[in-house]
Each structure stands twice: as C-alpha cells, then as structure tokens.
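Raw work_31.txt, compact mmCIF, C-alpha atoms and all ligand atoms:
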# COMPACT_ATOMS: atom_id res chain seq x y z
CA MET A 1 75.33 85.30 120.48
CA GLN A 2 77.40 88.16 121.78
CA SER A 3 78.11 91.35 119.90
CA VAL A 4 81.15 90.89 117.67
CA LEU A 5 82.08 94.50 117.06
CA TYR A 6 84.19 96.38 119.55
CA THR A 7 85.25 99.97 119.08
CA LYS A 8 87.70 101.93 121.16
CA PHE A 9 87.30 105.62 122.03
CA GLY A 10 83.75 105.57 120.63
CA GLU A 11 85.07 105.75 117.07
CA GLU A 12 82.77 104.55 114.31
CA PRO A 13 84.33 102.36 111.62
CA PRO A 14 84.13 103.54 107.99
CA SER A 15 80.70 103.00 106.40
CA GLU A 16 81.84 100.30 103.93
CA ILE A 17 83.05 98.24 106.91
CA LYS A 18 80.07 99.01 109.12
CA LEU A 19 77.70 97.72 106.44
CA LEU A 20 79.19 94.25 106.79
CA PHE A 21 78.71 94.08 110.54
CA SER A 22 74.99 93.45 110.12
CA GLU A 23 75.97 90.28 108.19
CA ILE A 24 78.14 88.92 110.98
CA SER A 25 75.77 86.66 112.82
CA GLU A 26 77.14 83.15 112.60
CA LEU A 27 80.32 83.28 114.63
CA PRO A 28 80.90 80.63 117.25
CA ASP A 29 80.13 81.92 120.74
CA SER A 30 83.24 83.10 122.55
CA THR A 31 83.99 86.03 124.78
CA GLU A 32 87.49 86.45 123.30
CA GLN A 33 86.29 86.71 119.75
CA GLY A 34 85.46 89.78 117.73
CA LEU A 35 86.32 92.44 115.19
CA TYR A 36 88.06 95.39 116.77
CA TRP A 37 88.06 98.85 115.23
CA ASP A 38 90.43 101.19 117.10
CA GLY A 39 89.87 104.27 114.99
CA LYS A 40 92.59 103.29 112.54
CA GLU A 41 93.03 99.53 112.31
CA LEU A 42 90.54 96.70 111.92
CA ASN A 43 91.59 93.44 113.60
CA PHE A 44 89.91 90.14 114.22
CA HIS A 45 90.71 88.59 117.63
CA TRP A 46 90.07 85.03 118.69
CA TYR A 47 91.24 82.47 121.19
CA ASP A 48 93.13 79.54 119.68
CA GLU A 49 92.16 76.61 121.90
CA HIS A 50 94.66 74.28 120.31
CA HIS A 51 97.66 76.51 121.12
CA GLN A 52 96.03 78.15 124.19
CA VAL A 53 96.84 81.66 122.98
CA GLU A 54 94.92 84.74 121.92
CA ARG A 55 95.41 85.61 118.28
CA ALA A 56 94.72 88.69 116.20
CA VAL A 57 94.87 89.22 112.47
CA SER A 58 94.48 92.09 110.04
CA PHE A 59 95.36 92.33 106.36
CA ASN A 60 97.83 94.90 105.05
CA PHE A 61 97.97 95.10 101.25
CA ARG A 62 100.93 97.50 101.22
CA GLU A 63 103.03 95.03 103.21
CA THR A 64 101.86 92.03 101.19
CA LEU A 65 102.63 93.80 97.91
CA SER A 66 106.07 94.80 99.11
CA ASP A 67 106.71 91.18 100.17
CA LEU A 68 105.53 89.95 96.75
CA GLN A 69 107.82 92.46 95.05
CA LYS A 70 110.76 90.86 96.85
CA LYS A 71 109.73 87.22 96.48
CA LEU A 72 107.64 86.85 93.34
CA GLY A 73 109.41 86.47 90.01
CA PRO A 74 107.94 87.26 86.58
CA PRO A 75 104.99 85.02 85.60
CA PRO A 76 106.93 82.42 83.50
CA LYS A 77 109.17 81.71 86.50
CA GLU A 78 106.28 81.13 88.89
CA LEU A 79 103.98 78.11 89.00
CA LEU A 80 100.91 80.35 89.22
CA GLY A 81 102.24 82.49 86.35
CA LYS A 82 102.62 79.38 84.19
CA ALA A 83 98.99 78.44 84.84
CA LEU A 84 97.93 82.01 84.09
CA GLY A 85 99.63 81.96 80.67
CA LYS A 86 100.51 84.95 78.52
CA GLY A 87 98.58 88.20 78.22
CA GLU A 88 98.69 91.72 79.55
CA CYS A 89 96.19 93.37 81.86
CA LEU A 90 93.93 90.29 81.93
CA THR A 91 90.64 90.41 83.79
CA VAL A 92 91.07 87.93 86.63
CA TRP A 93 88.40 86.92 89.11
CA ASP A 94 89.56 85.30 92.33
CA LEU A 95 86.57 83.35 93.67
CA SER A 96 88.12 82.71 97.10
CA GLY A 97 89.60 85.88 98.57
CA GLY A 98 91.05 84.79 101.95
CA THR A 99 93.98 87.08 102.78
CA GLY A 100 94.00 88.42 99.21
CA ARG A 101 97.63 87.35 98.74
CA ASP A 102 97.04 85.27 95.60
CA ALA A 103 94.85 88.04 94.15
CA LEU A 104 97.62 90.51 94.91
CA SER A 105 100.02 88.32 92.89
CA PHE A 106 97.81 88.86 89.83
CA TYR A 107 97.66 92.58 90.63
CA HIS A 108 101.45 92.70 91.01
CA TRP A 109 101.76 91.22 87.50
CA GLY A 110 99.65 94.07 86.09
CA HIS A 111 96.25 92.40 85.79
CA LYS A 112 92.79 93.73 86.63
CA VAL A 113 91.51 91.80 89.62
CA LYS A 114 88.12 91.23 91.21
CA VAL A 115 88.15 89.28 94.48
CA PHE A 116 85.08 87.56 95.91
CA GLU A 117 84.89 86.68 99.61
CA ARG A 118 81.72 85.37 101.20
CA HIS A 119 82.62 85.45 104.87
CA PRO A 120 81.72 88.91 106.23
CA VAL A 121 84.63 89.08 108.70
CA ILE A 122 87.20 88.14 106.06
CA ALA A 123 85.49 90.43 103.53
CA ALA A 124 85.61 93.29 106.09
CA LEU A 125 89.36 92.73 106.59
CA LEU A 126 89.89 92.73 102.80
CA ILE A 127 87.74 95.81 102.21
CA ASN A 128 89.54 97.64 104.99
CA ALA A 129 92.94 96.68 103.53
CA LEU A 130 91.89 98.06 100.14
CA ARG A 131 90.32 101.20 101.65
CA THR A 132 93.75 102.25 102.90
CA GLN A 133 95.30 101.83 99.40
CA PRO A 134 92.89 103.90 97.25
CA LYS A 135 95.26 103.96 94.25
CA MET A 136 94.86 100.21 93.89
CA MET A 137 91.12 100.57 93.26
CA GLU A 138 91.70 101.30 89.55
CA ARG A 139 92.64 97.64 89.06
CA PHE A 140 91.53 95.88 92.23
CA GLU A 141 88.05 95.31 93.61
CA VAL A 142 86.75 93.35 96.60
CA VAL A 143 83.21 91.96 96.44
CA PHE A 144 81.41 90.54 99.46
CA GLY A 145 79.64 87.34 98.32
CA SER A 146 80.05 84.35 96.03
CA ALA A 147 80.52 84.92 92.30
CA HIS A 148 78.46 81.86 91.34
CA GLU A 149 75.44 83.21 93.25
CA MET A 150 75.45 86.66 91.66
CA SER A 151 74.45 88.11 88.31
CA HIS A 152 77.24 89.91 86.52
CA TYR A 153 77.50 92.77 84.05
CA ASP A 154 81.01 91.77 82.97
CA GLU A 155 82.94 88.55 82.59
CA PRO A 156 86.49 87.50 83.37
CA GLU A 157 89.15 86.11 81.06
CA VAL A 158 90.63 84.10 83.92
CA ILE A 159 89.04 82.55 86.99
CA TYR A 160 91.16 81.54 89.97
CA TYR A 161 89.81 79.31 92.74
CA ASP A 162 91.60 78.27 95.94
CA PRO A 163 89.11 76.62 98.30
CA MET A 164 90.08 75.26 101.72
CA TYR A 165 92.09 72.06 101.53
CA PRO A 166 90.67 68.83 102.91
CA ASP A 167 91.31 68.46 106.66
CA ASP A 168 93.90 65.70 106.26
CA VAL A 169 96.24 67.82 104.14
CA LYS A 170 99.10 69.71 105.77
CA LYS A 171 98.90 73.40 104.88
CA SER A 172 101.85 75.56 103.89
CA ARG A 173 100.04 78.87 104.44
CA PRO A 174 100.88 81.02 107.48
CA ARG A 175 99.38 79.33 110.52
CA LYS A 176 97.60 82.34 111.93
CA GLU A 177 95.52 83.06 108.85
CA MET A 178 94.69 79.42 108.22
CA ALA A 179 93.59 79.14 111.84
CA LEU A 180 91.33 82.16 111.30
CA PHE A 181 89.77 80.69 108.16
CA LYS A 182 89.18 77.43 109.98
CA VAL A 183 87.54 79.14 112.97
CA LEU A 184 85.30 81.18 110.73
CA THR A 185 84.41 79.10 107.70
CA GLY A 186 84.72 75.49 108.80
CA GLY A 187 85.80 74.53 105.24
CA ASP A 188 84.25 75.17 101.81
CA THR A 189 81.70 72.43 101.23
CA ASP A 190 80.41 73.61 97.83
CA GLN A 191 83.67 73.26 95.89
CA GLU A 192 82.25 70.97 93.18
CA ILE A 193 79.38 73.39 92.43
CA VAL A 194 81.68 76.42 92.35
CA LEU A 195 84.23 74.75 90.08
CA ASP A 196 81.48 73.50 87.71
CA TRP A 197 80.11 77.05 87.53
CA ALA A 198 83.59 78.40 86.74
CA ILE A 199 84.26 75.79 84.04
CA ASN A 200 80.92 76.54 82.39
CA SER A 201 81.33 80.34 82.58
CA GLY A 202 82.72 82.30 79.64
CA ALA A 203 86.25 82.42 81.13
CA LYS A 204 89.07 81.19 78.88
CA ARG A 205 91.22 79.86 81.71
CA ILE A 206 90.12 78.41 85.03
CA ILE A 207 92.86 77.76 87.58
CA LEU A 208 92.32 75.62 90.67
CA LYS A 209 94.85 75.43 93.49
CA ARG A 210 95.11 71.97 95.04
CA PRO A 211 97.40 70.04 97.37
CA LEU A 212 99.97 68.22 95.19
CA LYS A 213 98.61 64.74 95.82
CA ALA A 214 94.88 65.49 95.63
CA ARG A 215 92.99 64.02 92.71
CA PRO A 216 92.19 66.32 89.75
CA GLY A 217 89.30 68.75 90.21
CA VAL A 218 87.31 68.71 93.43
CA GLY A 219 84.44 66.34 92.62
CA GLU A 220 83.08 63.57 90.40
CA SER A 221 81.28 65.95 88.04
CA ASN A 222 84.33 68.05 87.14
CA PRO A 223 85.88 67.32 83.72
CA LYS A 224 89.59 66.51 83.56
CA PRO A 225 91.88 69.55 83.57
CA THR A 226 93.68 70.56 80.38
CA ALA A 227 97.00 70.76 82.25
CA SER A 228 98.51 70.63 85.74
CA PHE A 229 101.45 72.67 87.02
CA LYS A 230 103.15 70.90 89.89
CA GLY A 231 105.24 72.35 92.71
CA LYS A 232 106.70 70.69 95.81
CA THR A 233 103.51 70.74 97.85
CA ILE A 234 100.85 72.36 95.67
CA ARG A 235 99.50 72.04 92.17
CA PHE A 236 97.54 74.32 89.85
CA ASP A 237 95.02 72.52 87.64
CA LEU A 238 94.05 74.43 84.49
CA TRP A 239 90.95 74.21 82.34
CA GLN A 240 91.42 76.03 79.04
CA ARG A 241 88.37 77.03 77.04
CA GLY A 242 88.02 78.30 73.47
C1 LIG B 1 91.91 78.79 101.31
S1 LIG B 1 91.23 80.38 101.52
C2 LIG B 1 91.83 81.26 100.11
C3 LIG B 1 93.18 81.82 100.35
C4 LIG B 1 93.59 82.86 99.33
N1 LIG B 1 93.85 82.31 98.03
C5 LIG B 1 94.77 83.67 99.83
O1 LIG B 1 95.62 84.06 98.99
O2 LIG B 1 94.85 83.93 101.04
C6 LIG B 1 89.55 80.21 101.10
C7 LIG B 1 88.78 81.52 101.25
O3 LIG B 1 87.84 81.62 100.21
C8 LIG B 1 86.57 81.92 100.70
N2 LIG B 1 85.64 81.24 99.80
C9 LIG B 1 85.61 79.92 99.52
N3 LIG B 1 84.67 79.64 98.61
C10 LIG B 1 84.09 80.82 98.29
C11 LIG B 1 83.04 81.19 97.41
N4 LIG B 1 82.41 80.27 96.68
N5 LIG B 1 82.70 82.49 97.32
C12 LIG B 1 83.35 83.42 98.06
N6 LIG B 1 84.33 83.14 98.94
C13 LIG B 1 84.70 81.85 99.04
C14 LIG B 1 86.56 81.38 102.12
O4 LIG B 1 85.61 82.07 102.93
C15 LIG B 1 88.00 81.63 102.56
O5 LIG B 1 88.16 82.93 103.06

Could I get this structure in the form of structure tokens?
Amino acid sequence: MQSVLYTKFGEEPPSEIKLLFSEISELPDSTEQGLYWDGKELNFHWYDEHHQVERAVSFNFRETLSDLQKKLGPPPKELLGKALGKGECLTVWDLSGGTGRDALSFYHWGHKVKVFERHPVIAALLINALRTQPKMMERFEVVFGSAHEMSHYDEPEVIYYDPMYPDDVKKSRPRKEMALFKVLTGGDTDQEIVLDWAINSGAKRIILKRPLKARPGVGESNPKPTASFKGKTIRFDLWQRG
C-alpha cells in the first residue's frame, strides 16, 4: 500500500484533517490515487478506469449552500421537506454523510445537523469543508464514524439515512462524486442493521432515501414505513414514532 497523503510545498494539513490520515489504510492500490493538501485545498484524486480519465473532488459547503439557496424551495414544496414534517430547529442526524448535500438541505432549512461519515477520506473532505465555514459550526457538526456503533450523550428528533443504492439502479447524483463513493466504499452492506438501529432509537421520525422502485425498507427485518413520499426517480420512506 502506497502513501495516500501528498502535500505540496511541505505544508502540513490542519490537525483535524491530519488525525484522519492514520485511519486511511484500506484504499485500493493505485499510483494515481490520493488525498492532496496544497496548503489551502484538500482534494481526493483518482483514476477512473471506466472513463479513462483522472478525476479530483473536494467539497465546498459555501458553494453547495448557495446552490441550495437557488434551487431548494421551502420544506412543504420539497419531497425531503414533506418527509421531514413540521418543526423549527429540529435536531437532525444524517447517518450517511457523503458530500453533505442532503445534510446541508436540513441546515438550510434552519435545523441543527449532525453528520456521520465512516470513510476517512470522505470524512476528511467533509471536515475540511466545514473547517472553512466556522460560522456553520453552531448548527452543523461532522462526526467521523457510524452512529449505530457509538455511544451518545444526546439524541436526535429526526434521523436521515441515504445508503448507496443497489448496483443495478441508475443514479441521479453527480457522476464524479458517485464514482468516488464507489471507488472508496464499494457499497454499504450493513443497511438493514443501520436502519433497524435507527427505527429502534428514540428518534420521532426516520427518513430513508431509496430508488423509486425499490421495495420498502432495506431488508426483511425492517417494519413497514408509516408513509412514502414519491418523486420521479427517488422516494423517501418515513417511520414515525410516538
Ligand atoms: C449514497 S452516499 C450519501 C450521499 C449523501 N446523502 C449526500 O448528500 O451526498 C453514502 C455515504 O454514506 C456513508 N455511510 C453509509 N453508511 C454509513 C454508516 N452506517 N455510518 C457512516 N457513514 C455511512 C458512505 O461512506 C458514503 O459516503
């Protein structure tokens, strides 16, 4: 396994990012692949064999929030907002961070958000994106790890879960980021366990994002959802508690 951290000009990355580098040990071997810190930006580079091109990705919360401001309506107009229901400044836990875009939708609507991401490279990109927007930290937190494997001192009102889709489903997410998740994670194989944990937690609403035509839940053991909110290609299943 090669080293996966490259720095330019001998600059050290910020300590919260550097901490995660010791966790990055399970990347596929490739000379093109790595996290690059150039003194200002953190990028992940990899070679996309399918398209025969080199790719790079970083997350920028300021840009994503400004895009959401333009595109995202108030909650009752949006499918995700309908699943979220009414309530101000709700405590929302996003169990599957990814790019952070869905979590940023909750933040944009005024909620208090905690995002969990278990892959160290993706977590490093999220933590770096938040580091550059310190004002957001009052209502937005990124945690490296899986919520269902941790002990908690607080509990959420809402849990949101968006695991990787099955391989045979066409994805509507931007190609580059989906390609990154695929290279790094290889799919989320513990979806049934995670969803069961969420449904049995103290949260009042549990929202699961699914491809439109997938069956309810993610496994045999999951109870039927209370409601489903259907879009053109995706669906949000909701379990309401209490
Ligand atoms: C489909 S992506 C989520 C996309 C995300 N909703 C967004 O807005 O970009 C799935 C991500 O969740 C992470 N993930 C999946 N299950 C997880 C778990 N149980 N704990 C922490 N992270 C998880 C994966 O590593 C991957 O980065």

Check your understanding: Counting all atoms listed in the file, what residues are within 9 Å of ligand LIG 1 (chain B), given as an NGL selection string?
Key -> :A and (94-105 or 115-120 or 122-123 or 143-149 or 160-165 or 173 or 177-178 or 180-182 or 184-191 or 193-195 or 209)

Counting all atoms listed in the file, which residues of stretch 124-193 of chain A fall within 10 Å of stretch 52-61 of chain A, and what is the closest atom pair for each with its distance in Å at one decimal, ordered by chain and rising number, as JSON lines?
{"residue": "A:Ala124", "atom": "CA", "partner": "A:Ser58", "partner_atom": "CA", "distance": 9.8}
{"residue": "A:Leu125", "atom": "CA", "partner": "A:Phe59", "partner_atom": "CA", "distance": 6.0}
{"residue": "A:Leu126", "atom": "CA", "partner": "A:Phe59", "partner_atom": "CA", "distance": 6.5}
{"residue": "A:Ile127", "atom": "CA", "partner": "A:Phe59", "partner_atom": "CA", "distance": 9.3}
{"residue": "A:Asn128", "atom": "CA", "partner": "A:Phe59", "partner_atom": "CA", "distance": 8.0}
{"residue": "A:Ala129", "atom": "CA", "partner": "A:Asn60", "partner_atom": "CA", "distance": 5.4}
{"residue": "A:Leu130", "atom": "CA", "partner": "A:Phe61", "partner_atom": "CA", "distance": 6.9}
{"residue": "A:Arg131", "atom": "CA", "partner": "A:Phe61", "partner_atom": "CA", "distance": 9.8}
{"residue": "A:Thr132", "atom": "CA", "partner": "A:Phe61", "partner_atom": "CA", "distance": 8.5}
{"residue": "A:Gln133", "atom": "CA", "partner": "A:Phe61", "partner_atom": "CA", "distance": 7.5}
{"residue": "A:Met136", "atom": "CA", "partner": "A:Phe61", "partner_atom": "CA", "distance": 9.5}
{"residue": "A:Lys176", "atom": "CA", "partner": "A:Val57", "partner_atom": "CA", "distance": 7.4}
{"residue": "A:Glu177", "atom": "CA", "partner": "A:Val57", "partner_atom": "CA", "distance": 7.2}
{"residue": "A:Ala179", "atom": "CA", "partner": "A:Arg55", "partner_atom": "CA", "distance": 9.3}
{"residue": "A:Leu180", "atom": "CA", "partner": "A:Val57", "partner_atom": "CA", "distance": 8.0}

Give one line per residue of stretch 28-83 of chain A that approaches stretch 225-234 of chain A to at most 12 Å, naming the two atoms of the closest pair and their distance in Å to one decimal, counting all atoms listed in the file; sort by chain then ascending residue number and deliver it as CSV.
residue,atom,partner,partner_atom,distance
A:Pro76,CA,A:Phe229,CA,11.7
A:Lys77,CA,A:Phe229,CA,11.9
A:Glu78,CA,A:Gly231,CA,9.6
A:Leu79,CA,A:Phe229,CA,6.3
A:Leu80,CA,A:Phe229,CA,8.0
A:Gly81,CA,A:Phe229,CA,9.9
A:Lys82,CA,A:Phe229,CA,7.4
A:Ala83,CA,A:Phe229,CA,6.6

Edge lengths and centre in Å to one decimal, as lines of an AutoDock Vina configuration file, is what I'm after for the box along x, y and z that holds all listed atoms of stretch 194-204 of chain A once 8 Å is added on each side.
center_x = 84.6
center_y = 78.0
center_z = 85.6
size_x = 25.0
size_y = 24.9
size_z = 29.5

Practice item. Determine the nearest neighbour of A:Pro216 from the options A:Phe106, A:Trp197, A:Trp93, A:Trp239, counting all atoms listed in the file. Key: A:Trp239

**Study point:** Atom pair atom CA of A:His45 / atom CA of A:Lys18: separation (Å)
**Key:** 17.2 Å

Exercise for review: Please provide as a ChimeraX atom specification all residues within 7 Å of A:Leu90, with the sequence filter that same-chain residues fewer than 2 positions apart are discarded (counting all atoms listed in the file).
Suggested key: /A:87-88,92,111-112,157

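In this model, the gap between atom CA of A:Ser221 and atom CA of A:Met150 comes to 21.8 Å.
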
Check your understanding: Closest to A:Lys40 among A:Pro13, A:Gly85, A:Gly219, A:Pro166, using only C-alpha atoms?
Key -> A:Pro13

Point to revise | Point-to-point distance in Å for atom CA of A:Pro134 and atom CA of A:Tyr36 | key: 21.8 Å

Exercise for review: Kindly indicate which residue among A:Ile199, A:Val142, A:Ile206, A:Ile159 lies nearest to A:Asn222, using all atoms listed in the file for the distances.
Suggested key: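 Going through A:Ile199, A:Val142, A:Ile206, A:Ile159 one by one, the smallest distance to A:Asn222 is for A:Ile199.
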
**Study point:** Using all atoms listed in the file: which of A:Arg62, A:Asp67, A:Gly202, A:Val158 has the shortest distance to A:Lys135
**Key:**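 Counting all atoms listed in the file, the residue closest to A:Lys135 is A:Arg62.
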